[in-house]
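Structure file structure_18.txt (compact mmCIF, C-alpha atoms) follows.
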```txt
# COMPACT_ATOMS: atom_id res chain seq x y z
CA MET A 1 -24.26 -18.81 13.35
CA ASN A 2 -26.80 -21.52 12.53
CA ASP A 3 -25.99 -24.49 10.30
CA THR A 4 -27.58 -23.07 7.14
CA ARG A 5 -25.90 -19.70 7.53
CA THR A 6 -22.53 -21.35 8.23
CA ARG A 7 -22.93 -23.64 5.24
CA LEU A 8 -23.73 -20.71 2.97
CA VAL A 9 -20.70 -18.73 4.17
CA ASN A 10 -18.32 -21.67 3.74
CA THR A 11 -19.70 -22.55 0.31
CA ALA A 12 -19.67 -18.94 -0.86
CA ARG A 13 -16.10 -18.52 0.33
CA ARG A 14 -14.97 -21.45 -1.76
CA LEU A 15 -16.87 -20.34 -4.88
CA PHE A 16 -15.98 -16.65 -4.59
CA ALA A 17 -12.30 -17.52 -4.25
CA ARG A 18 -12.45 -19.81 -7.27
CA LYS A 19 -14.71 -17.87 -9.65
CA GLY A 20 -14.85 -14.34 -8.26
CA TYR A 21 -17.86 -12.32 -7.23
CA GLU A 22 -19.30 -11.78 -10.71
CA GLY A 23 -18.69 -15.38 -11.73
CA THR A 24 -20.58 -16.81 -8.76
CA SER A 25 -24.37 -16.78 -8.81
CA ILE A 26 -26.72 -17.08 -5.86
CA ARG A 27 -28.12 -20.22 -7.47
CA ALA A 28 -24.65 -21.77 -7.63
CA ILE A 29 -24.07 -21.00 -3.95
CA THR A 30 -27.41 -22.38 -2.77
CA ASN A 31 -27.12 -25.48 -4.94
CA ALA A 32 -23.63 -26.25 -3.65
CA ALA A 33 -24.73 -25.56 -0.07
CA GLY A 34 -27.84 -27.73 -0.40
CA THR A 35 -30.26 -24.95 0.52
CA ASN A 36 -33.23 -23.37 -1.23
CA LEU A 37 -32.75 -20.43 -3.59
CA GLY A 38 -34.09 -17.87 -1.14
CA ALA A 39 -31.67 -18.80 1.65
CA VAL A 40 -29.10 -16.13 0.75
CA THR A 41 -31.71 -13.36 0.74
CA TYR A 42 -33.25 -14.65 3.98
CA HIS A 43 -29.98 -14.89 5.93
CA PHE A 44 -27.93 -12.06 4.41
CA GLY A 45 -30.19 -9.86 2.32
CA SER A 46 -28.07 -9.96 -0.85
CA LYS A 47 -25.08 -11.59 -2.52
CA GLU A 48 -23.02 -8.47 -1.74
CA ALA A 49 -23.80 -8.77 1.97
CA LEU A 50 -22.87 -12.46 1.84
CA TYR A 51 -19.54 -11.59 0.22
CA LYS A 52 -18.71 -9.16 3.02
CA GLU A 53 -19.74 -11.74 5.60
CA VAL A 54 -17.32 -14.18 3.96
CA ILE A 55 -14.48 -11.67 4.46
CA ARG A 56 -15.50 -11.21 8.12
CA ALA A 57 -15.49 -14.97 8.62
CA VAL A 58 -12.04 -15.32 7.06
CA LEU A 59 -10.65 -12.57 9.31
CA ALA A 60 -12.33 -13.77 12.53
CA PRO A 61 -9.51 -16.14 13.62
CA LEU A 62 -6.89 -13.43 13.03
CA GLN A 63 -8.91 -10.88 14.97
CA ALA A 64 -9.24 -13.28 17.90
CA ARG A 65 -5.50 -13.95 17.83
CA LEU A 66 -4.58 -10.26 17.78
CA GLU A 67 -6.98 -9.51 20.63
CA GLN A 68 -5.28 -12.23 22.65
CA MET A 69 -1.85 -10.85 21.81
CA ALA A 70 -2.84 -7.30 22.81
CA GLY A 71 -2.24 -8.12 26.45
CA GLU A 72 1.05 -9.94 26.00
CA ASP A 73 4.28 -8.49 27.39
CA GLY A 74 7.36 -7.50 25.45
CA SER A 75 9.07 -4.56 23.81
CA VAL A 76 7.47 -2.78 20.89
CA SER A 77 9.81 -4.60 18.50
CA GLU A 78 8.90 -7.98 19.99
CA ARG A 79 5.19 -7.24 19.91
CA LEU A 80 5.38 -5.92 16.36
CA GLU A 81 7.18 -9.05 15.25
CA ARG A 82 4.47 -11.22 16.83
CA LEU A 83 1.72 -9.12 15.25
CA VAL A 84 3.33 -9.10 11.81
CA ARG A 85 4.02 -12.82 11.95
CA ALA A 86 0.42 -13.49 13.00
CA VAL A 87 -0.91 -11.47 10.05
CA PHE A 88 1.43 -13.15 7.56
CA GLN A 89 0.80 -16.60 9.02
CA HIS A 90 -2.96 -16.11 8.79
CA LEU A 91 -2.87 -14.96 5.18
CA TRP A 92 -0.54 -17.81 4.28
CA GLU A 93 -2.95 -20.30 5.79
CA ASN A 94 -5.92 -18.60 4.11
CA PRO A 95 -4.76 -17.86 0.55
CA ASP A 96 -8.33 -17.33 -0.64
CA GLN A 97 -8.48 -14.18 1.50
CA ALA A 98 -5.88 -12.51 -0.71
CA ARG A 99 -8.04 -13.17 -3.77
CA LEU A 100 -11.15 -11.84 -2.04
CA MET A 101 -9.48 -8.63 -0.83
CA VAL A 102 -7.81 -7.91 -4.17
CA GLU A 103 -11.11 -8.35 -5.98
CA VAL A 104 -12.77 -5.79 -3.73
CA ARG A 105 -10.02 -3.27 -4.37
CA LEU A 106 -9.94 -3.82 -8.14
CA TYR A 107 -13.58 -4.27 -9.03
CA HIS A 108 -15.71 -3.06 -6.15
CA SER A 109 -14.06 0.08 -4.85
CA GLU A 110 -17.44 1.27 -3.60
CA TRP A 111 -17.15 -1.45 -0.94
CA LEU A 112 -13.86 -0.10 0.43
CA PRO A 113 -15.51 1.80 3.33
CA ASP A 114 -17.15 -1.44 4.42
CA LEU A 115 -13.91 -3.37 4.00
CA THR A 116 -12.08 -0.76 6.06
CA GLU A 117 -14.65 -1.20 8.82
CA ILE A 118 -14.28 -4.98 8.65
CA LEU A 119 -10.49 -4.68 8.93
CA ALA A 120 -10.62 -2.05 11.68
CA PRO A 121 -10.33 -4.44 14.68
CA ILE A 122 -7.16 -5.88 13.14
CA SER A 123 -5.58 -2.66 11.92
CA GLN A 124 -6.22 -0.79 15.18
CA GLU A 125 -3.89 -3.02 17.17
CA LEU A 126 -1.17 -2.61 14.57
CA LEU A 127 -1.71 1.15 14.49
CA ARG A 128 -1.42 1.43 18.26
CA THR A 129 1.77 -0.59 18.37
CA VAL A 130 3.39 1.32 15.49
CA ALA A 131 2.49 4.66 17.10
CA GLU A 132 3.92 3.49 20.42
CA GLY A 133 7.14 2.47 18.69
CA GLN A 134 7.40 5.87 17.03
CA GLU A 135 6.97 7.60 20.37
CA GLY A 136 9.74 5.47 21.85
CA GLY A 137 12.05 5.86 18.84
CA THR A 138 12.12 2.21 17.79
CA VAL A 139 9.96 2.78 14.69
CA ARG A 140 10.95 5.42 12.19
CA PRO A 141 8.73 8.47 11.68
CA GLY A 142 5.83 8.39 9.25
CA PRO A 143 2.04 8.04 9.15
CA PRO A 144 1.22 4.80 11.06
CA VAL A 145 -1.59 4.00 8.65
CA LEU A 146 0.91 3.75 5.77
CA PHE A 147 2.99 1.24 7.74
CA VAL A 148 -0.12 -0.85 8.37
CA MET A 149 -1.18 -0.68 4.70
CA SER A 150 2.26 -1.88 3.66
CA LEU A 151 2.21 -4.67 6.22
CA MET A 152 -1.10 -5.93 4.86
CA ALA A 153 -0.21 -5.49 1.19
CA GLN A 154 3.07 -7.44 1.22
CA PRO A 155 1.69 -10.83 2.30
CA VAL A 156 -1.30 -10.44 -0.03
CA TYR A 157 1.09 -10.06 -2.96
CA PHE A 158 3.23 -12.97 -1.78
CA MET A 159 0.17 -15.19 -1.50
CA LEU A 160 -0.97 -14.36 -5.02
CA LEU A 161 2.51 -14.93 -6.45
CA THR A 162 3.66 -18.03 -4.62
CA ARG A 163 0.42 -19.99 -4.79
CA ARG A 164 0.39 -19.98 -8.59
CA ALA A 165 4.07 -19.71 -9.42
CA PRO A 166 5.18 -22.27 -12.03
CA PRO A 167 7.76 -24.84 -10.92
CA GLY A 168 11.32 -23.53 -10.99
CA LEU A 169 10.39 -19.85 -10.86
CA LEU A 170 11.05 -19.41 -7.13
CA PRO A 171 14.31 -20.41 -5.42
CA ILE A 172 12.49 -22.43 -2.76
CA ASP A 173 9.26 -24.37 -3.18
CA PRO A 174 6.64 -22.43 -1.15
CA HIS A 175 4.43 -25.48 -0.88
CA THR A 176 6.77 -27.24 1.53
CA GLU A 177 6.97 -26.58 5.26
CA GLU A 178 10.55 -25.39 4.90
CA GLY A 179 9.65 -23.11 2.01
CA ARG A 180 6.66 -21.65 3.79
CA GLU A 181 8.74 -20.80 6.86
CA THR A 182 11.50 -19.33 4.67
CA TYR A 183 9.13 -16.95 2.91
CA LEU A 184 7.30 -16.14 6.12
CA ARG A 185 10.55 -15.31 7.90
CA HIS A 186 11.67 -13.16 4.97
CA MET A 187 8.41 -11.18 4.92
CA VAL A 188 8.51 -10.56 8.66
CA GLU A 189 12.14 -9.44 8.61
CA PHE A 190 11.61 -7.26 5.54
CA ALA A 191 8.61 -5.55 7.12
CA LEU A 192 10.30 -4.93 10.45
CA ARG A 193 13.46 -3.56 8.87
CA GLY A 194 11.34 -1.33 6.66
CA MET A 195 9.82 0.18 9.77
CA GLY A 196 13.14 0.32 11.59
CA ALA A 197 11.57 -1.84 14.27
CA GLU A 198 14.44 -4.16 15.18
CA GLY A 199 16.27 -2.05 17.72
CA MET A 200 17.51 0.37 15.09
CA GLY A 201 17.33 3.40 17.38
CA TRP A 202 15.46 5.79 15.13
CA ALA A 203 15.23 8.36 17.93
CA ARG A 204 19.03 8.60 17.91
CA VAL A 205 19.10 8.66 14.12
CA ALA A 206 16.69 11.59 14.04
CA ALA A 207 18.91 13.37 16.55
CA GLY A 208 21.97 12.74 14.38
CA GLU A 209 23.66 10.53 16.96
CA ALA A 210 23.72 7.24 15.08
CA HIS A 211 22.52 5.39 12.05
CA PRO A 212 20.58 2.16 11.77
CA SER A 213 22.81 -0.86 11.94
CA PRO A 214 22.54 -3.18 8.95
CA SER A 215 22.66 -6.06 11.41
CA GLY A 216 19.50 -4.80 13.07
CA VAL A 217 20.92 -5.06 16.57
CA GLY A 218 20.72 -1.38 17.39
CA ALA A 219 24.43 -0.58 17.45
CA PRO A 220 25.86 1.95 14.98
CA SER A 221 27.45 0.36 11.94
CA ALA A 222 31.22 0.20 11.70
CA SER A 223 31.18 2.69 8.83
CA PRO A 224 28.21 4.93 9.44
CA VAL A 225 26.93 7.04 6.59
CA PRO A 226 27.31 10.71 7.52
CA LEU A 227 24.19 12.77 7.93
CA GLU A 228 25.65 15.53 5.80
CA PRO A 229 27.44 14.75 2.52
CA ALA A 230 31.19 14.94 2.84
CA ALA A 231 33.07 17.56 0.90
CA ASP A 232 34.00 16.28 -2.53
CA GLU A 233 37.75 16.03 -2.82
CA GLY A 234 37.38 16.04 -6.55
CA ASP A 235 39.26 14.36 -9.35
CA GLY A 236 41.06 17.38 -10.75
CA LEU A 237 38.30 18.14 -13.25
CA PRO A 238 35.94 21.13 -13.10
CA ASP A 239 32.59 20.44 -11.48
CA PRO A 240 29.82 21.42 -13.94
CA ALA A 241 27.41 21.82 -11.03
CA ARG A 242 29.46 24.60 -9.45
CA THR A 243 28.33 28.16 -10.14
CA ASP A 244 31.06 30.10 -8.31
CA PRO A 245 33.77 31.57 -10.59
CA PRO A 246 37.20 29.97 -10.67
CA SER A 247 39.98 31.50 -8.60
CA PRO A 248 42.19 33.97 -10.49
CA PRO A 249 45.66 32.72 -11.45
CA ASP A 250 48.49 33.31 -9.01
CA PRO A 251 50.94 35.74 -10.68
CA ASP A 252 53.81 34.47 -8.50
CA ALA A 253 53.24 30.85 -9.36
CA LYS A 254 56.03 29.22 -11.39
CA PRO A 255 55.02 27.89 -14.77
```
Transcribe the structure of this file into structure tokens.
Amino acid sequence: MNDTRTRLVNTARRLFARKGYEGTSIRAITNAAGTNLGAVTYHFGSKEALYKEVIRAVLAPLQARLEQMAGEDGSVSERLERLVRAVFQHLWENPDQARLMVEVRLYHSEWLPDLTEILAPISQELLRTVAEGQEGGTVRPGPPVLFVMSLMAQPVYFMLLTRRAPPGLLPIDPHTEEGRETYLRHMVEFALRGMGAEGMGWARVAAGEAHPSPSGVGAPSASPVPLEPAADEGDGLPDPARTDPPSPPDPDAKP
């Protein structure tokens, strides 16, 4: 990417994140970037194409990181944790990306096919790992694409909330290193537990052999919840949900 093109992308990223797509004009971008008015058309063809290039540029470091991680060793749970943490870490370090992606979904739904294509290199690695975990029983059943959508949506929401939260609203200040790590750790753990990805043995659960441990260590809990509801011992009162007739009185019973 040449200097002018890079300058336009970086400037547009800053302005789009601050003012939105509609609130940012080509003139404002070129003036701030120190280029002539026709530079956007020359290098990108349109403001819309520049916006999509901004999203690609924001995602490029994450894509490179996930491609590097694709060849790393480890169990599915370990690899999923690294992938999820990488996604959350990236979005935390690039809060403007959350604004850009939300704007596309809310106001430019016609761009969603293009956004899906832009996100494809990132989502494919997550999809492959989730599917592998389902095959091995360490990730609970379900459409892998829904897991990936949830993984991407959670940090976007957190970024939007924590970056503009008034003082005192959140229990820990997200703008400190400690706070950032606390929220990041929570999001990763929440996502993994939601998928049943921390050694929870979903293959055994599906077979009725065990239930996920609340400690996430893979062992059955001390008081597992039964797969089938236990018979209700009752409280001596008639059950309105029952449809079978009551037993006839015993004529030999003493009053």
Any idea what the distance is between atom CA of Thr11 of chain A and atom CA of Glu93 of chain A?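 Taking atom CA of Thr11 of chain A and atom CA of Glu93 of chain A, their separation equals 17.8 Å.
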If I take atom CA of Tyr21 of chain A and atom CA of Tyr51 of chain A, how far is one from the other in Å, to one decimal?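 So the two atoms, atom CA of Tyr21 of chain A and atom CA of Tyr51 of chain A, lie 7.7 Å apart.
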Surrounding residues of Arg13 of chain A excluding itself and chain neighbours under 3 positions, 9 Å, all atoms listed in the file, as a count of residues only: 13
Tell me, in Å to one decimal, how far atom CA of Tyr183 of chain A is from atom CA of Thr116 of chain A.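 Separation between atom CA of Tyr183 of chain A and atom CA of Thr116 of chain A: 26.9 Å.
Residues with any atom within 9 Å of Ile26 of chain A, counting only C-alpha atoms and excluding same-chain neighbours fewer than 2 positions away, are Ala12, Thr24, Ala28, Ile29, Thr30, Asn31, Leu37, Gly38, Val40, Ser46 and Lys47 of chain A.
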Counting all atoms listed in the file, figure out which residue out of A:Glu72, A:Glu67, A:Glu48, A:Glu81 gets nearest to Ala191 of chain A. A:Glu81
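Taking all atoms listed in the file into account, Leu160 of chain A lies nearest to A:Met101 out of the set A:Ile172, A:Leu66, A:Met101, A:Ala39.
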Which protein, DNA or RNA residues are at most 12 Å from (-2.4, -7.0, 7.4) in the file's coordinates when you count only C-alpha atoms, listed as an MDAnalysis selection string? chainID A and resid 59 62:63 66 80 83:92 97:98 101 116 119:127 145:157 187:188 191
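By all atoms listed in the file, and with residues fewer than 2 positions from Pro141 of chain A along its chain excluded, the set lying at most 10 Å from it is Val130, Ala131, Gly133, Gln134, Glu135, Gly137, Thr138, Val139, Pro143, Pro144, Met195, Gly196, Trp202, Ala203 and Ala206 of chain A.
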For a quick check of understanding, using all atoms listed in the file, which of A:Ala57, A:Ala64, A:Leu184, A:Ala70 has the smallest distance to Ile118 of chain A? A:Ala57
The residue from A:Thr162, A:Arg99, A:Gly179, A:Gly136 with the smallest atom-to-atom distance to Lys19 of chain A, counting only C-alpha atoms, is A:Arg99
